[in-house]
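Q: Quick one: this structure, given as structure tokens, is what I'll be asking you about.
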2 protein chains.
Amino acid sequence: MIRVVVVDDEQLVRAGLRLILEAAEDITVVGEAADGAGALEQAQRLRPDVVLLDVRMPGIDGLTVAPEVVAAGPKVIMLTTFDLDEYVHRALRAGAVGFLLKDTPPRELAAAVRTVAAGNAMLAPTVTRRLISSFAERGPARRDAARERLAPLTERELAIVREVARGHGNAEIARRLTMSEATVKAHVSRALAKLHAGNRVQLAILVYDADLL
Amino acid sequence: MIRVVVVDDEQLVRAGLRLILEAAEDITVVGEAADGAGALEQAQRLRPDVVLLDVRMPGIDGLTVAPEVVAAGPKVIMLTTFDLDEYVHRALRAGAVGFLLKDTPPRELAAAVRTVAAGNAMLAPTVTRRLISSFAERGPARRDAARERLAPLTERELAIVREVARGHGNAEIARRLTMSEATVKAHVSRALAKLHAGNRVQLAILVYDADLL
DNA sequence: CCTAGGGCTCGGCCGACGGATCGGGCTGCC
DNA sequence: GGCAGCCCGATCCGTCGGCCGAGCCCTAGG
């Protein structure tokens, strides 16, 4: 039996969720709360398997308490009317493993509870879509592009550039790599030219994007 | 009516998928293929709404043709027995909007087809879980530490430091934020002092670690 | 009211660092 | 031998960064 706590500031919504979930034989609603403080208290006292947590609530809102609720043990599914990027990002970073819209059909809601109780994750389709695109964009795309740009560098030059990206000055790099400071400057200059960079900071940015540390 | 092409090297699997999908009144299977080449040909000729694409196939495998199939128009759902990280990453980068395991129940398979046809995305729960982790665990440790260090900065100072992290020089920052270069230098100096940094590159590193772009 | 403090804005000065340029030595290859 | 690429070095100059001071605005508090 999966033990669930539902949190929403509107009593009507809580009642609706309870009805939907209790209709499944393997799910039982063991507690309710109307704000973040109540949610945390119930999570710690009742130790439920899953907490359905509304995003917007008076007092402490759902996103704010989410990290603490997660820390208390249960899996957290965020519930909201609007799937704003800001909400999704904060929720996922807080450790939520579910993010559903309030127009989710009853069958899927119960399925989501079972899914997260089993240790997996469930997102609304629109949210999944957004997550994928943000993954595809910020993923290895920029990294490979950066590596491509760094390709023309000589082995030695790359070594100097990596030192630059560590925030070291030319003198310090010279000591570390046992060469003259003038030489370091020369390498940096040619790296700047090859990479069409105007700044040593831009070199550091490339190294960071290329994930070379 | 949602028009679907199923691609799998095993004839039995194709037949099974066709049976499942044709059972839904709003879905019709308009074509089949046994390898990547066939998948691409069918996608271009039949212009289906959705392509179910097996990952592992003899000849050109699913992950390899996925980008071209996506480019041809249809939404792509990857199908596989194993949800290896490598598979998922490549698939999502290729532009797939679905990633399902072959043990997905028929009802969810049809739901997934409808979901992607509607422009949204559908992943297997285990895949979603992994995606969330890789999104959330993008090093909150170092990130929060960096934010902690950046905390003492005033709003204005942080703005200048972020410009520094973009690789801009003092003069350029002055233009962008419409202030004197002397002011920029003053802010940079104080930021360096507050953060115990000796270099503007080190400021950039902090901003990067703090993930502020 | 007016004083004190903090943040933002500027200017000037100067030492230090960063970049551009030129040249030389070394290797491998045509 | 000539050429090309990499590595190293030295010199010149612009930019950066530290340090001084100053004025302005706002808020807090006597």
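Labels used: A, B, ... for chains in the order of the structure tokens, numbers from 1 for residues in each chain, and numbers from 1 for ligands as shown.
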At a cut-off of 12 Å, which residues of chain A touch chain D? Count only C-alpha atoms (C1' of nucleotides) and give the answer as JSON, numbers by chain.
A: {"A": [153, 154, 155, 156, 157, 178, 179, 180, 181, 182, 183, 184, 185, 186, 187, 190, 199]}
Q: Could the residues of chain A within 10 Å of chain B, counting only C-alpha atoms, be given as a VMD selection string, please?
A: chain A and resid 89 to 98 112 115 to 116 118 to 137 139 to 141 164 to 169 197 to 205 208 to 209
Q: If you run DSSP on the backbone, which residues of segment 10-192 of chain B are strand (DSSP E), as a list of chain:residue names?
A: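 Selection result, strand (DSSP E) within segment 10-192 of chain B: B:Ile27, B:Thr28, B:Val29, B:Val30, B:Gly31, B:Glu32, B:Ala33, B:Val50, B:Val51, B:Leu52, B:Leu53, B:Asp54, B:Lys75, B:Val76, B:Ile77, B:Met78, B:Leu79, B:Thr80, B:Gly98, B:Phe99, B:Leu100, B:Leu101, B:Met122, B:Leu123.
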Q: Filtering to N, CA, C and O atoms, could you give me those residues as an mmCIF file, in the first residue's frame?
A:
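Here's the written file part.cif:
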```cif
data_model
loop_
_atom_site.group_PDB
_atom_site.id
_atom_site.type_symbol
_atom_site.label_atom_id
_atom_site.label_comp_id
_atom_site.auth_asym_id
_atom_site.auth_seq_id
_atom_site.Cartn_x
_atom_site.Cartn_y
_atom_site.Cartn_z
ATOM 1 N N ILE B 27 -5.168 5.683 -34.659
ATOM 2 C CA ILE B 27 -3.796 5.436 -35.096
ATOM 3 C C ILE B 27 -3.799 4.412 -36.228
ATOM 4 O O ILE B 27 -4.515 3.408 -36.160
ATOM 5 N N THR B 28 -2.998 4.675 -37.272
ATOM 6 C CA THR B 28 -2.867 3.703 -38.351
ATOM 7 C C THR B 28 -1.408 3.544 -38.728
ATOM 8 O O THR B 28 -0.666 4.522 -38.793
ATOM 9 N N VAL B 29 -0.995 2.299 -38.913
ATOM 10 C CA VAL B 29 0.387 2.013 -39.303
ATOM 11 C C VAL B 29 0.463 2.007 -40.825
ATOM 12 O O VAL B 29 -0.135 1.156 -41.475
ATOM 13 N N VAL B 30 1.193 2.975 -41.380
ATOM 14 C CA VAL B 30 1.223 3.125 -42.828
ATOM 15 C C VAL B 30 2.452 2.510 -43.475
ATOM 16 O O VAL B 30 2.554 2.453 -44.691
ATOM 17 N N GLY B 31 3.406 2.071 -42.642
ATOM 18 C CA GLY B 31 4.596 1.484 -43.241
ATOM 19 C C GLY B 31 5.456 0.773 -42.222
ATOM 20 O O GLY B 31 5.329 0.987 -41.013
ATOM 21 N N GLU B 32 6.335 -0.104 -42.730
ATOM 22 C CA GLU B 32 7.279 -0.799 -41.861
ATOM 23 C C GLU B 32 8.653 -0.775 -42.518
ATOM 24 O O GLU B 32 8.767 -0.664 -43.739
ATOM 25 N N ALA B 33 9.690 -0.881 -41.696
ATOM 26 C CA ALA B 33 11.038 -1.010 -42.226
ATOM 27 C C ALA B 33 11.845 -1.875 -41.270
ATOM 28 O O ALA B 33 11.498 -2.027 -40.106
ATOM 29 N N VAL B 50 4.500 9.969 -37.036
ATOM 30 C CA VAL B 50 5.376 9.418 -35.997
ATOM 31 C C VAL B 50 6.143 8.214 -36.543
ATOM 32 O O VAL B 50 5.591 7.429 -37.325
ATOM 33 N N VAL B 51 7.401 8.085 -36.155
ATOM 34 C CA VAL B 51 8.192 6.903 -36.489
ATOM 35 C C VAL B 51 8.657 6.230 -35.205
ATOM 36 O O VAL B 51 9.282 6.873 -34.355
ATOM 37 N N LEU B 52 8.303 4.955 -35.075
ATOM 38 C CA LEU B 52 8.828 4.162 -33.963
ATOM 39 C C LEU B 52 10.109 3.506 -34.445
ATOM 40 O O LEU B 52 10.086 2.724 -35.396
ATOM 41 N N LEU B 53 11.223 3.836 -33.797
ATOM 42 C CA LEU B 53 12.525 3.463 -34.337
ATOM 43 C C LEU B 53 13.323 2.629 -33.340
ATOM 44 O O LEU B 53 13.657 3.112 -32.256
ATOM 45 N N ASP B 54 13.610 1.414 -33.734
ATOM 46 C CA ASP B 54 14.406 0.532 -32.883
ATOM 47 C C ASP B 54 15.840 1.046 -32.832
ATOM 48 O O ASP B 54 16.368 1.553 -33.815
ATOM 49 N N LYS B 75 7.865 12.996 -36.005
ATOM 50 C CA LYS B 75 8.357 12.847 -34.635
ATOM 51 C C LYS B 75 8.924 11.447 -34.476
ATOM 52 O O LYS B 75 8.369 10.488 -35.039
ATOM 53 N N VAL B 76 10.004 11.325 -33.749
ATOM 54 C CA VAL B 76 10.650 10.021 -33.597
ATOM 55 C C VAL B 76 10.581 9.536 -32.150
ATOM 56 O O VAL B 76 10.911 10.271 -31.224
ATOM 57 N N ILE B 77 10.106 8.306 -32.003
ATOM 58 C CA ILE B 77 10.149 7.641 -30.700
ATOM 59 C C ILE B 77 11.133 6.492 -30.800
ATOM 60 O O ILE B 77 10.971 5.602 -31.638
ATOM 61 N N MET B 78 12.162 6.514 -29.953
ATOM 62 C CA MET B 78 13.134 5.432 -29.963
ATOM 63 C C MET B 78 12.594 4.280 -29.118
ATOM 64 O O MET B 78 11.990 4.486 -28.068
ATOM 65 N N LEU B 79 12.853 3.084 -29.604
ATOM 66 C CA LEU B 79 12.430 1.880 -28.893
ATOM 67 C C LEU B 79 13.650 1.023 -28.618
ATOM 68 O O LEU B 79 14.477 0.825 -29.503
ATOM 69 N N THR B 80 13.765 0.522 -27.419
ATOM 70 C CA THR B 80 14.913 -0.313 -27.104
ATOM 71 C C THR B 80 14.609 -1.232 -25.947
ATOM 72 O O THR B 80 13.671 -1.008 -25.186
ATOM 73 N N GLY B 98 10.790 10.880 -27.993
ATOM 74 C CA GLY B 98 10.292 9.779 -27.183
ATOM 75 C C GLY B 98 11.376 8.735 -27.010
ATOM 76 O O GLY B 98 12.230 8.554 -27.892
ATOM 77 N N PHE B 99 11.374 8.081 -25.870
ATOM 78 C CA PHE B 99 12.333 7.001 -25.638
ATOM 79 C C PHE B 99 11.654 5.978 -24.742
ATOM 80 O O PHE B 99 11.471 6.218 -23.549
ATOM 81 N N LEU B 100 11.258 4.852 -25.350
ATOM 82 C CA LEU B 100 10.494 3.858 -24.600
ATOM 83 C C LEU B 100 11.192 2.510 -24.596
ATOM 84 O O LEU B 100 11.940 2.185 -25.515
ATOM 85 N N LEU B 101 10.928 1.754 -23.544
ATOM 86 C CA LEU B 101 11.453 0.393 -23.476
ATOM 87 C C LEU B 101 10.437 -0.541 -24.116
ATOM 88 O O LEU B 101 9.239 -0.241 -24.189
ATOM 89 N N MET B 122 7.520 12.035 -24.559
ATOM 90 C CA MET B 122 7.200 10.932 -23.660
ATOM 91 C C MET B 122 8.417 10.045 -23.478
ATOM 92 O O MET B 122 8.970 9.521 -24.441
ATOM 93 N N LEU B 123 8.842 9.887 -22.232
ATOM 94 C CA LEU B 123 9.993 9.031 -21.937
ATOM 95 C C LEU B 123 9.569 7.929 -20.985
ATOM 96 O O LEU B 123 8.629 8.096 -20.211
#
```
Q: Find the residues of chain C that sit at most 10 Å from chain B; for each, write down the nearest two atoms and how far apart they are in Å, to one decimal. Count only C-alpha atoms (C1' of nucleotides). Sort by chain, then by number going up, and give it as JSON lines.
A:
```
{"residue": "C:DG7", "atom": "C1'", "partner": "B:Thr154", "partner_atom": "CA", "distance": 8.0}
{"residue": "C:DC8", "atom": "C1'", "partner": "B:Arg156", "partner_atom": "CA", "distance": 8.0}
{"residue": "C:DT9", "atom": "C1'", "partner": "B:Thr183", "partner_atom": "CA", "distance": 6.3}
{"residue": "C:DC10", "atom": "C1'", "partner": "B:Thr183", "partner_atom": "CA", "distance": 6.3}
{"residue": "C:DG11", "atom": "C1'", "partner": "B:Ala182", "partner_atom": "CA", "distance": 7.5}
{"residue": "C:DG12", "atom": "C1'", "partner": "B:Ala182", "partner_atom": "CA", "distance": 9.8}
```
Q: To test your reading of the structure, identify every residue in segment 11-208 of chain A that backbone DSSP assigns to helix (DSSP H, G or I), and report it as a PyMOL selection string.
A: chain A and resi 11-22+36-46+62-71+85-94+106-117+125-138+140-150+155-165+170-176+181-194+200-208
Q: Would you work out the distance separating atom CA of Ala191 of chain A from atom CA of Glu172 of chain B, expressed in Å to one decimal?
A: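 Computing the Euclidean distance for atom CA of Ala191 of chain A and atom CA of Glu172 of chain B yields 21.5 Å.
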Q: Rounded to one decimal place, report the atom CA of Leu19 of chain B-atom CA of Leu109 of chain B distance in Å.
A: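 Straight-line distance from atom CA of Leu19 of chain B to atom CA of Leu109 of chain B works out to 11.6 Å.
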